[in-house]
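Below you'll find the structure, written out as structure tokens, and then a few comments.
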Amino acid sequence: MNHQGAVLALMVSSVIAIAMTGPAFGETLYVAAKSAQLRSGKTSLDPVVAGLKLGEPVEVVTRDNRWLQVQTAKGVKGWIYDNKVSASKPTGGDNELAALGRSFRRTDASNVTASAGARGLDKASGDYADRSGLTQQHRDAVDRMTAYKIPDDEIQTFLKSGRLGEYAE
Amino acid sequence: MQSKARRGLIIFSLVLLSTGSLTGCQEIQRVAEDAARRSGDPRLANTIRGGANLIGGLLPIGYEEEQAIGQAIALQVVARYGGVYDRPDLTRYVNLVGRSVALTCDRADIEYRFAVLNHDSINAFAAPAGYIFLTRGLLKTIRNEAELAAILGHEIGHVTQKHILDVIQRSKQISGVAEAGLAYANQNPDAFKQVIDGAVKKLLDEGLDQSKELESDRLGVIFASRVGYDPTAYETFLDRLRTIKGDDRAFFKTHPDFSNRISAVQSTIREQGLKATGSLLADRFSRSSSGTL
């Protein structure tokens, strides 16, 4: 095998090795869950050492089944369940191209009240409801739907009682 | 000659505009448009506006715009499917399952909301910006929480992949209104209505492309499995639906046939190495839904 062939073979085998073992030591992963906790041990009963934000990078230290020991940029080490991280950075609701598109389309962001968490249909959909002759009852239904909130800790309690996610083990 | 120079400046401005300088592009567009108007060339001014709108129509739709579109489509879904079935405990349960799945989906940073429609048909819909609906009839055919999680995961998949927005942006017929496209629509209620009505027709009457449905099937089972639900539950559900729907032509107008869907789900489970966890949560599902349907 010539030199190039050897390099190629090495690269291919490395890729296969990485693919088979999942996140490797030192690899950077990103928090892909809306809320994620870093724990002192690899069970859901261990105390939380840090709350992580969506998109935050973490470096893999080691792996044990579905639990990963990671280190944050601030140097905090802890364990996280693997359904909350991803190899690619989440793209999110908006990106620069979308913002550029919006600016070309001249949408006035202040028209949107829903994004601030306030109740009420936004201006464009409110106008649409008027023009389409939709009833107040249906407007109220979508309005309530928009405003409906469940705190994250209640979702965690729900997952826990169903022994789902990190509460399964 | 002077006019030529001005024209050159305007063209230069437009080039700047289209090369993607994020800050101030609106200003550049306005300056160019004003310059053209002042030079007594309204046609050129309109071309500049049209050009910018055209670029705008090609660029992705941002979240705020998506919310306006999602809300308007949601209004039509609610109006055409018997209104929202208002049972607070059931709404809360469906939202807990849906949000548990959404928490670790591929687009976890936006809000997802779930509502039950007071309709006997078996169906579910997703409007942009996370407005997700399932009918009372569909809930009646579900046997456990793992099935519900995958169905909601399928709808969440439509939102993460921005399937409806893609339809809007691709269809000139929908975004219509000559070169203005979505651009114009946000400023003009008539055009906005045309965009929404077109998208609603596609969603409720014609159905999305089969490839989008299959992609959402695959994502639904992946998202539900990520939370720990048994992925094989979705297979069982689709199989039950095949028995119930039989040769329902109206349904197959909007969805790929069940054999294709089931094999797509099976190959996803195999290729992604999704584990049959046995977590079906049938008791919790029947406790939470019984007596309310």
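Following the order of the structure tokens, chains are lettered A, B, ..., residues in each are numbered from 1, and ligands are numbered from 1.
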
Taking 3 positions as the minimum chain separation for residues in the same chain, which residues sit within 10 Å of Ala127 in chain B when counting only C-alpha atoms? Answer as number ranges by chain. B: 66-67, 69-75, 77, 130-133, 155-156, 158-159, 162-165, 199-200, 203

Tell me which protein, DNA and RNA residues are within 7 Å of Gly98 in chain B, counting only C-alpha atoms, leaving out same-chain ones fewer than 4 positions away, and put them as a ChimeraX atom specification. /B:94,102,114,149,152

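Relative to CA of Ala129 in chain B, CA of Cys105 in chain B is found at 13.9 Å.
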
Can you tell me, as a VMD selection string, what residues are no more than 9 Å from Thr72 in chain A when counting only C-alpha atoms, ignoring any on the same chain fewer than 2 positions away? chain A and resid 52 56 to 59 70 74 to 78

Just-selected residues, N, CA and C atoms written as a PDB file, in the first residue's frame:
```
ATOM      1  N   LEU A  52     -28.015  23.793  31.855  1.00  0.00           N
ATOM      2  CA  LEU A  52     -27.369  24.131  30.583  1.00  0.00           C
ATOM      3  C   LEU A  52     -28.379  24.737  29.624  1.00  0.00           C
ATOM      4  N   GLU A  56     -25.538  25.300  23.967  1.00  0.00           N
ATOM      5  CA  GLU A  56     -24.282  25.453  24.706  1.00  0.00           C
ATOM      6  C   GLU A  56     -23.336  24.291  24.371  1.00  0.00           C
ATOM      7  N   PRO A  57     -22.048  24.590  24.069  1.00  0.00           N
ATOM      8  CA  PRO A  57     -21.124  23.490  23.763  1.00  0.00           C
ATOM      9  C   PRO A  57     -20.610  22.813  25.032  1.00  0.00           C
ATOM     10  N   VAL A  58     -20.434  21.516  24.964  1.00  0.00           N
ATOM     11  CA  VAL A  58     -19.813  20.773  26.070  1.00  0.00           C
ATOM     12  C   VAL A  58     -18.788  19.806  25.481  1.00  0.00           C
ATOM     13  N   GLU A  59     -17.773  19.505  26.253  1.00  0.00           N
ATOM     14  CA  GLU A  59     -16.739  18.590  25.775  1.00  0.00           C
ATOM     15  C   GLU A  59     -16.881  17.241  26.485  1.00  0.00           C
ATOM     16  N   VAL A  70     -19.390  15.233  30.848  1.00  0.00           N
ATOM     17  CA  VAL A  70     -18.945  16.330  29.982  1.00  0.00           C
ATOM     18  C   VAL A  70     -18.407  17.486  30.818  1.00  0.00           C
ATOM     19  N   LYS A  74     -17.060  26.706  31.023  1.00  0.00           N
ATOM     20  CA  LYS A  74     -16.619  27.309  32.288  1.00  0.00           C
ATOM     21  C   LYS A  74     -15.841  26.322  33.147  1.00  0.00           C
ATOM     22  N   GLY A  75     -15.692  25.095  32.646  1.00  0.00           N
ATOM     23  CA  GLY A  75     -14.904  24.098  33.360  1.00  0.00           C
ATOM     24  C   GLY A  75     -15.695  23.242  34.344  1.00  0.00           C
ATOM     25  N   VAL A  76     -17.043  23.385  34.342  1.00  0.00           N
ATOM     26  CA  VAL A  76     -17.872  22.559  35.239  1.00  0.00           C
ATOM     27  C   VAL A  76     -18.012  21.167  34.622  1.00  0.00           C
ATOM     28  N   LYS A  77     -17.708  20.146  35.451  1.00  0.00           N
ATOM     29  CA  LYS A  77     -17.830  18.769  34.978  1.00  0.00           C
ATOM     30  C   LYS A  77     -19.096  18.139  35.544  1.00  0.00           C
ATOM     31  N   GLY A  78     -19.748  17.306  34.762  1.00  0.00           N
ATOM     32  CA  GLY A  78     -20.927  16.622  35.262  1.00  0.00           C
ATOM     33  C   GLY A  78     -21.441  15.626  34.230  1.00  0.00           C
TER      34      GLY A  78
END
```

Distance query Gly157 in chain B at most 7 Å, only C-alpha atoms, self and fewer than 2 positions along chain excluded, as an MDAnalysis selection string: chainID B and resid 153:155 159:161 216 219:220

Pull C-alpha atoms from the residues just selected and write them as a PDB file, in the first residue's frame.
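Wrote it out as again_3.pdb, contents follow:
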```
ATOM      1  CA  GLY B 153     -43.643  13.483  17.072  1.00  0.00           C
ATOM      2  CA  HIS B 154     -44.760  13.108  13.431  1.00  0.00           C
ATOM      3  CA  GLU B 155     -46.540  16.475  13.630  1.00  0.00           C
ATOM      4  CA  VAL B 159     -42.701  21.862  12.135  1.00  0.00           C
ATOM      5  CA  THR B 160     -38.984  21.119  12.575  1.00  0.00           C
ATOM      6  CA  GLN B 161     -38.662  20.552   8.809  1.00  0.00           C
ATOM      7  CA  SER B 216     -42.294  13.040   9.386  1.00  0.00           C
ATOM      8  CA  LEU B 219     -38.822  11.796  12.647  1.00  0.00           C
ATOM      9  CA  GLY B 220     -41.862  11.006  14.789  1.00  0.00           C
TER      10      GLY B 220
END
```

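Distances to chain B were evaluated for A:Gln37, A:Ser44, A:Ser88, A:Thr146 using only C-alpha atoms, and the minimum falls at A:Thr146.
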
Near Ile262 in chain B, counting only C-alpha atoms, which residues have an atom at most 9 Å away, once you skip same-chain residues fewer than 2 positions from it, shown as an NGL selection string? :B and (217 or 234-236 or 238-239 or 257-260 or 264-267)

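Between chain B and the residues A:Glu169, A:Asp122, A:Asp140, A:Asp153, the shortest atom-to-atom distance, using only C-alpha atoms, involves A:Asp122.
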
Residues near Val78 in chain B, cut-off 12 Å, only C-alpha atoms, skip fewer than 2 positions along chain, as a PyMOL selection string: (chain A and resi 129+134-143+145) or (chain B and resi 71-76+80-86+114-119+124-127+131-135+200+204)
